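The file target-v7.tsv contains TSV, C-alpha atoms:
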chain	number	residue	atom	x	y	z
A	9	MET	CA	107.15	93.15	94.84
A	10	ILE	CA	103.65	91.95	95.55
A	11	PRO	CA	101.47	91.15	92.53
A	12	LEU	CA	98.18	92.95	92.08
A	13	SER	CA	96.21	89.71	92.20
A	14	TRP	CA	97.14	89.13	95.85
A	15	TYR	CA	95.59	92.41	96.83
A	16	MET	CA	92.51	91.69	94.74
A	17	ALA	CA	92.11	88.24	96.30
A	18	LEU	CA	92.43	89.72	99.78
A	19	ALA	CA	89.87	92.39	98.91
A	20	THR	CA	87.48	89.73	97.60
A	21	ILE	CA	87.82	87.64	100.75
A	22	LEU	CA	87.27	90.65	102.98
A	23	PHE	CA	84.21	91.69	100.98
A	24	CYS	CA	82.73	88.21	101.27
A	25	ILE	CA	83.37	88.12	105.02
A	26	GLY	CA	81.33	91.33	105.17
A	27	VAL	CA	78.56	89.77	103.07
A	28	CYS	CA	78.51	86.73	105.34
A	29	GLY	CA	78.27	88.91	108.45
A	30	PHE	CA	75.50	90.99	106.95
A	31	LEU	CA	73.47	87.95	106.01
A	32	THR	CA	73.91	85.93	109.18
A	33	ARG	CA	74.07	88.33	112.12
A	34	ARG	CA	70.94	89.73	113.73
A	35	ASN	CA	72.36	92.61	115.73
A	36	VAL	CA	71.88	95.91	113.88
A	37	ILE	CA	75.21	97.32	114.99
A	38	VAL	CA	77.15	94.26	113.88
A	39	MET	CA	75.35	94.46	110.55
A	40	LEU	CA	76.56	98.05	110.17
A	41	LEU	CA	80.07	96.85	111.04
A	42	SER	CA	79.79	94.25	108.28
A	43	ILE	CA	78.99	97.04	105.83
A	44	GLU	CA	82.20	98.73	106.98
A	45	LEU	CA	84.07	95.49	106.24
A	46	MET	CA	82.65	95.44	102.71
A	47	LEU	CA	83.58	99.08	102.12
A	48	ASN	CA	87.10	98.37	103.33
A	49	GLY	CA	87.42	95.47	100.92
A	50	VAL	CA	86.56	97.85	98.10
A	51	ASN	CA	89.07	100.35	99.48
A	52	ILE	CA	91.91	97.81	99.31
A	53	ASN	CA	91.00	97.14	95.69
A	54	LEU	CA	90.93	100.82	94.77
A	55	VAL	CA	94.22	101.67	96.44
A	56	ALA	CA	95.97	98.65	94.93
A	57	MET	CA	94.68	99.48	91.43
A	58	SER	CA	95.71	103.09	91.88
A	59	TYR	CA	99.23	101.99	92.82
A	60	PHE	CA	99.63	99.51	89.98
A	61	LEU	CA	98.08	101.74	87.31
A	62	GLU	CA	100.12	104.76	88.45
A	63	SER	CA	97.11	106.96	88.91
A	64	MET	CA	95.71	108.96	91.82
A	65	ARG	CA	92.11	108.30	90.89
A	66	GLY	CA	91.60	105.23	93.05
A	67	GLN	CA	93.00	106.87	96.13
A	68	VAL	CA	90.77	109.90	95.69
A	69	PHE	CA	87.82	107.53	95.42
A	70	THR	CA	88.97	105.79	98.60
A	71	PHE	CA	88.94	109.17	100.29
A	72	PHE	CA	85.33	109.70	99.20
A	73	ILE	CA	84.38	106.19	100.31
A	74	ILE	CA	85.76	106.95	103.77
A	75	THR	CA	83.60	110.10	103.82
A	76	VAL	CA	80.50	108.17	102.83
A	77	ALA	CA	81.27	105.45	105.38
A	78	ALA	CA	81.48	108.03	108.14
A	79	ALA	CA	78.15	109.55	107.05
A	80	GLU	CA	76.58	106.11	106.85
A	81	ALA	CA	77.81	105.22	110.33
A	82	ALA	CA	76.36	108.43	111.77
A	83	ILE	CA	72.96	107.95	110.14
A	84	GLY	CA	72.78	104.21	110.79
A	85	LEU	CA	73.69	104.55	114.45
A	86	GLY	CA	71.18	107.40	114.77
A	87	ILE	CA	68.51	105.06	113.42
A	88	ALA	CA	69.67	102.36	115.86
A	89	ILE	CA	69.31	104.75	118.79
A	90	ALA	CA	65.89	105.88	117.61
A	91	LEU	CA	64.75	102.25	117.28
A	92	TYR	CA	66.08	101.42	120.72
A	93	ARG	CA	64.29	104.42	122.21
A	94	SER	CA	60.94	103.61	120.68
A	95	ARG	CA	60.99	99.87	121.42
A	96	ARG	CA	62.93	99.84	124.66
A	97	THR	CA	60.65	97.78	126.87
A	98	VAL	CA	60.05	95.01	124.36
A	99	HIS	CA	62.69	92.56	123.37
A	100	VAL	CA	62.41	93.23	119.69
A	101	ASP	CA	62.35	90.17	117.54
A	102	ASN	CA	61.23	91.65	114.29
A	103	LEU	CA	61.31	95.30	113.39
A	104	ASN	CA	58.93	95.05	110.46
A	105	GLN	CA	56.91	98.23	110.85
A	106	LEU	CA	58.06	99.64	107.53
A	107	LYS	CA	56.75	96.63	105.66
A	108	GLY	CA	53.22	98.03	105.93
B	7	MET	CA	110.96	89.55	100.65
B	8	LEU	CA	110.36	91.64	103.73
B	9	THR	CA	107.49	93.40	101.97
B	10	GLN	CA	105.90	90.08	101.13
B	11	LEU	CA	106.24	88.87	104.70
B	12	PHE	CA	104.64	92.10	105.89
B	13	PHE	CA	101.84	91.72	103.35
B	14	GLY	CA	101.27	88.13	104.46
B	15	TYR	CA	101.11	89.13	108.11
B	16	CYS	CA	98.69	92.00	107.40
B	17	ALA	CA	96.50	89.84	105.15
B	18	LEU	CA	96.36	87.06	107.73
B	19	MET	CA	95.47	89.46	110.51
B	20	ILE	CA	92.85	91.20	108.36
B	21	ILE	CA	91.14	87.95	107.45
B	22	MET	CA	91.33	86.50	110.96
B	23	SER	CA	90.04	89.63	112.67
B	24	GLY	CA	87.36	90.04	110.00
B	25	ILE	CA	86.08	86.53	110.63
B	26	LEU	CA	86.23	87.07	114.38
B	27	ALA	CA	84.42	90.41	114.01
B	28	ILE	CA	81.39	88.78	112.44
B	29	SER	CA	81.37	85.69	114.65
B	30	LEU	CA	81.96	86.90	118.21
B	31	ARG	CA	78.93	87.10	120.47
B	32	ASN	CA	79.68	90.33	122.29
B	33	PRO	CA	79.29	93.40	120.00
B	34	VAL	CA	82.03	95.28	121.89
B	35	HIS	CA	84.47	92.50	120.99
B	36	CYS	CA	83.30	92.76	117.38
B	37	VAL	CA	84.09	96.48	117.33
B	38	LEU	CA	87.53	95.85	118.85
B	39	MET	CA	88.27	93.19	116.23
B	40	VAL	CA	87.30	95.67	113.50
B	41	LEU	CA	89.72	98.11	115.13
B	42	VAL	CA	92.54	95.55	114.80
B	43	MET	CA	91.53	95.05	111.18
B	44	PHE	CA	91.65	98.79	110.44
B	45	LEU	CA	95.13	99.11	111.92
B	46	HIS	CA	96.43	96.32	109.72
B	47	MET	CA	94.74	97.87	106.71
B	48	ALA	CA	96.67	101.05	107.40
B	49	GLY	CA	99.80	98.87	107.29
B	50	LEU	CA	98.66	97.48	103.95
B	51	TYR	CA	98.22	101.00	102.58
B	52	LEU	CA	101.82	101.70	103.58
B	53	THR	CA	103.01	98.87	101.34
B	54	LEU	CA	101.07	100.57	98.51
B	55	ASN	CA	102.79	103.92	99.02
B	56	ALA	CA	99.65	105.62	100.29
B	57	GLU	CA	100.85	107.20	103.52
B	58	PHE	CA	98.14	109.84	103.65
B	59	LEU	CA	95.42	107.23	103.31
B	60	ALA	CA	97.04	105.14	106.04
B	61	ALA	CA	96.92	108.15	108.36
B	62	VAL	CA	93.32	108.89	107.38
B	63	GLN	CA	92.41	105.25	107.94
B	64	ILE	CA	93.72	105.38	111.49
B	65	ILE	CA	92.47	108.86	112.36
B	66	VAL	CA	89.02	108.75	110.76
B	67	TYR	CA	88.10	105.08	110.84
B	68	ALA	CA	89.81	103.85	113.97
B	69	GLY	CA	89.67	107.16	115.77
B	70	ALA	CA	86.25	108.56	114.92
B	71	VAL	CA	83.92	105.99	113.35
B	72	LEU	CA	84.73	103.14	115.72
B	73	VAL	CA	84.50	105.41	118.74
B	74	LEU	CA	81.04	106.36	117.47
B	75	TYR	CA	80.15	102.66	117.32
B	76	LEU	CA	81.45	102.11	120.85
B	77	PHE	CA	79.48	105.07	122.19
B	78	VAL	CA	76.28	103.75	120.64
B	79	LEU	CA	76.99	100.28	122.04
B	80	PHE	CA	77.28	101.76	125.49
B	81	LEU	CA	74.14	103.86	125.01
B	82	VAL	CA	72.12	100.90	123.80
B	83	SER	CA	72.36	98.53	126.72
B	84	LEU	CA	73.76	95.19	125.74
B	85	ARG	CA	71.14	93.17	127.56
B	86	ASP	CA	68.41	93.90	125.09
B	87	GLU	CA	70.30	94.74	121.96
B	88	ILE	CA	68.37	95.58	118.85
B	89	ARG	CA	67.79	92.54	116.72
B	90	LEU	CA	66.39	92.05	113.26
B	91	ASN	CA	65.24	89.01	111.44
B	92	PRO	CA	68.15	87.79	109.35
B	93	PHE	CA	67.75	88.18	105.62
B	94	VAL	CA	68.12	84.45	105.05
B	95	GLY	CA	66.49	81.97	107.36
B	96	ASN	CA	69.30	79.52	107.97
B	97	VAL	CA	72.76	80.65	109.02
B	98	TRP	CA	74.35	78.12	106.69
B	99	ILE	CA	72.48	79.49	103.68
B	100	GLY	CA	74.03	82.91	104.36
B	101	ARG	CA	77.49	81.38	104.74
B	102	GLY	CA	76.98	79.37	101.56
B	103	ILE	CA	76.01	82.51	99.65
B	104	ALA	CA	79.11	84.32	100.92
B	105	ILE	CA	81.47	81.43	100.14
B	106	GLY	CA	79.94	80.96	96.71
B	107	LEU	CA	80.33	84.67	96.00
B	108	ALA	CA	83.98	84.52	97.09
B	109	LEU	CA	84.70	81.52	94.88
B	110	ALA	CA	82.95	83.11	91.90
B	111	LEU	CA	84.82	86.41	92.30
B	112	ILE	CA	88.20	84.72	92.77
B	113	THR	CA	87.73	82.56	89.67
B	114	VAL	CA	86.86	85.70	87.70
B	115	LEU	CA	89.95	87.57	88.94
B	116	PRO	CA	92.55	86.23	86.42
B	117	SER	CA	90.57	87.64	83.50
B	118	PHE	CA	91.10	91.17	84.80
B	119	ILE	CA	92.65	93.44	82.17
B	120	PRO	CA	94.38	96.53	83.52
B	121	GLY	CA	93.50	99.85	81.91
B	122	GLU	CA	95.89	102.46	80.65
B	123	ARG	CA	98.36	104.02	83.01
B	124	GLY	CA	97.71	107.35	84.67
B	125	ASP	CA	100.02	110.30	85.04
B	126	TRP	CA	101.26	109.72	88.58
B	127	PRO	CA	104.12	107.21	88.41
B	128	LEU	CA	105.81	106.26	91.66
B	129	ALA	CA	108.76	108.58	91.11
B	130	ALA	CA	106.49	111.61	90.64
B	131	VAL	CA	104.54	110.79	93.79
B	132	ARG	CA	107.76	110.32	95.76
B	133	GLU	CA	109.08	113.62	94.47
B	134	VAL	CA	106.16	115.79	95.63
B	135	THR	CA	105.16	113.50	98.57
B	136	HIS	CA	101.94	111.58	98.63
B	137	THR	CA	99.89	114.11	100.56
B	138	LYS	CA	100.66	116.89	98.12
B	139	ALA	CA	100.00	114.70	95.11
B	140	MET	CA	96.63	113.69	96.48
B	141	GLY	CA	95.78	117.26	97.40
B	142	LEU	CA	96.62	118.39	93.88
B	143	GLU	CA	94.24	115.83	92.40
B	144	LEU	CA	91.57	116.44	95.00
B	145	TYR	CA	91.44	120.20	94.66
B	146	THR	CA	91.71	120.41	90.88
B	147	THR	CA	90.23	117.42	89.07
B	148	TYR	CA	87.81	116.35	91.78
B	149	LEU	CA	86.88	119.72	93.24
B	150	LEU	CA	83.13	119.33	92.64
B	151	ALA	CA	83.10	115.83	94.10
B	152	PHE	CA	85.01	117.14	97.12
B	153	GLU	CA	82.40	119.84	97.70
B	154	ILE	CA	79.62	117.26	97.38
B	155	ALA	CA	81.40	115.07	99.94
B	156	GLY	CA	81.39	118.01	102.33
B	157	LEU	CA	77.67	118.47	101.72
B	158	ILE	CA	77.08	114.77	102.42
B	159	LEU	CA	78.88	115.12	105.75
B	160	LEU	CA	76.72	118.13	106.61
B	161	VAL	CA	73.55	116.18	105.78
B	162	ALA	CA	74.83	113.28	107.89
B	163	VAL	CA	75.47	115.56	110.87
B	164	ILE	CA	71.99	117.08	110.65
B	165	GLY	CA	70.38	113.70	110.04
B	166	GLY	CA	72.18	112.13	112.99
B	167	LEU	CA	71.08	114.96	115.26
B	168	VAL	CA	67.46	114.72	114.12
B	169	LEU	CA	67.36	110.92	114.41
B	170	ALA	CA	69.02	110.65	117.80
B	171	ARG	CA	67.09	113.55	119.34
B	172	ARG	CA	64.72	112.57	122.10
B	173	GLU	CA	61.13	112.96	120.99
B	174	GLN	CA	59.12	115.30	123.11
B	175	GLY	CA	56.36	112.83	123.82
B	176	GLN	CA	58.70	110.33	125.37
B	177	PRO	CA	59.61	110.38	129.04
B	178	PRO	CA	63.23	111.21	129.81
B	179	ASP	CA	65.66	108.40	130.46
B	180	HIS	CA	66.10	109.12	134.14
B	181	GLU	CA	63.73	110.78	136.53
B	182	GLY	CA	64.62	114.44	136.97
B	183	ASP	CA	66.90	114.33	133.99
B	184	GLU	CA	65.10	117.19	132.32
B	185	VAL	CA	62.04	119.19	133.12
B	186	VAL	CA	59.53	119.48	130.31
B	187	PRO	CA	58.15	123.01	130.10
B	188	PRO	CA	54.35	123.34	130.30
B	189	ALA	CA	54.02	124.55	126.71
B	190	HIS	CA	55.58	121.35	125.46
B	191	ARG	CA	53.38	119.29	127.70
B	192	GLN	CA	50.36	120.92	126.11
B	193	LEU	CA	51.77	120.00	122.71
B	194	ASP	CA	52.23	116.40	123.79
B	195	ASN	CA	48.64	116.15	124.94
B	196	ASN	CA	47.46	117.46	121.60
B	197	GLU	CA	49.60	114.93	119.81
B	198	GLU	CA	48.24	112.10	121.86
B	199	VAL	CA	44.68	113.24	121.21
B	200	ARG	CA	45.42	113.29	117.50
B	201	ARG	CA	46.74	109.77	117.66
How does this structure look as structure tokens?
Amino acid sequence: MIPLSWYMALATILFCIGVCGFLTRRNVIVMLLSIELMLNGVNINLVAMSYFLESMRGQVFTFFIITVAAAEAAIGLGIAIALYRSRRTVHVDNLNQLKG
Amino acid sequence: MLTQLFFGYCALMIIMSGILAISLRNPVHCVLMVLVMFLHMAGLYLTLNAEFLAAVQIIVYAGAVLVLYLFVLFLVSLRDEIRLNPFVGNVWIGRGIAIGLALALITVLPSFIPGERGDWPLAAVREVTHTKAMGLELYTTYLLAFEIAGLILLVAVIGGLVLARREQGQPPDHEGDEVVPPAHRQLDNNEEVRR
């Protein structure tokens, strides 16, 4: 029998790995991957809670998080392709057009 | 004992591949490391009696989302990948923030107080199988949320199509790839005049 705290510690570590990747990497696609890591950390937490509290709620939420992650990947990668198309010739160092 | 060994193996692989995924230079290697991580997370879900979620994790995450990432990586040539300024100037500041967050969260963990128990004990889930139990919850209690999730997916499909569509003013990727009809060319000229 594995205690709940092990799962929560693992989820915390995974979430913080995602935070670290998001803060330190510069590649847009790897940043999106780091967001996936963070979402998966949350998923571990939800499924573990749902198992230990004998409820289905957490697993249903995990299902919805997977949906949202898929949508986020589609939109984020669409934005990445659009950025690449519009700035193809230049080696982009800072995409700060939205800052005004 | 065997379960704990399996948990330890999965946790080790998840943490190692997670660290590798954010530290490798080549983005394709990063995506492959995340794939390894997703497979071991499916194993972790199996230790939590969530077979359906393990299957969904492999089919949707490893099968669909990561393939999407790989396709985009091959579309966007790796030579001049898209780069942003990092949010924090120094790499070590970012790592320090992440490590500090991890330490803070782990010290907070022991004060967690579990809530009241739900109405799906392990025996009940085993009796009707996990997929059916989850379907029962999903289509009764969370029906509205399920419909909204479907709507979100629809919006994502339309948004992805609109974002990734080639703009009409831009030249095609390869010469002779597509022929722009004259009417559209007229439109492009007008747009350029307006700019």
Inset, instruction - Work out how far apart CA of Tyr59 in chain A and CA of Gly124 in chain B are and give it in Å to one decimal. - result: 9.9 Å
Inset, instruction - Determine, counting all atoms listed in the file, which protein, DNA and RNA residues have an atom within 12 Å of an atom of range 154-171 of chain B; residues of the same chain fewer than 2 positions away are not included. Present the result as number ranges by chain. - result: A: 68-69, 71-94; B: 74, 78, 81-82, 144, 148-152, 173-176, 178
Legend entry - Nearest candidate to chain B (options A:Asn51, A:Leu12, A:Cys28, A:Glu44; using only C-alpha atoms):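 Nearest to chain B: A:Cys28.
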Inset, instruction - Write out as a ChimeraX atom specification which residues come within 9 Å of range 62-67 of chain A when counting all atoms listed in the file, dropping same-chain ones fewer than 4 positions away. - result: /A:51,53-58,71-72 /B:56,59,123-128,139-140,143
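By chain and then residue number, the residues within 8 Å of Phe44 in chain B are B:Ile20, B:Val40, B:Leu41, B:Val42, B:His46, B:Met47, B:Ala48, B:Gln63, B:Ile64, B:Tyr67, B:Ala68, counting only C-alpha atoms and disregarding those fewer than 2 positions away in sequence.
Taking CA of Asn35 in chain A as the reference point, CA of Ile21 in chain A is found at 22.1 Å.
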Legend entry - For CA of Phe77 in chain B and CA of Phe23 in chain A, the interatomic separation in Å (one decimal):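 So the two atoms, CA of Phe77 in chain B and CA of Phe23 in chain A, lie 25.5 Å apart.
Distance check against chain B using all atoms listed in the file: of A:Ile43, A:Ala19, A:Val27, A:Val50, the minimum falls on A:Val27.
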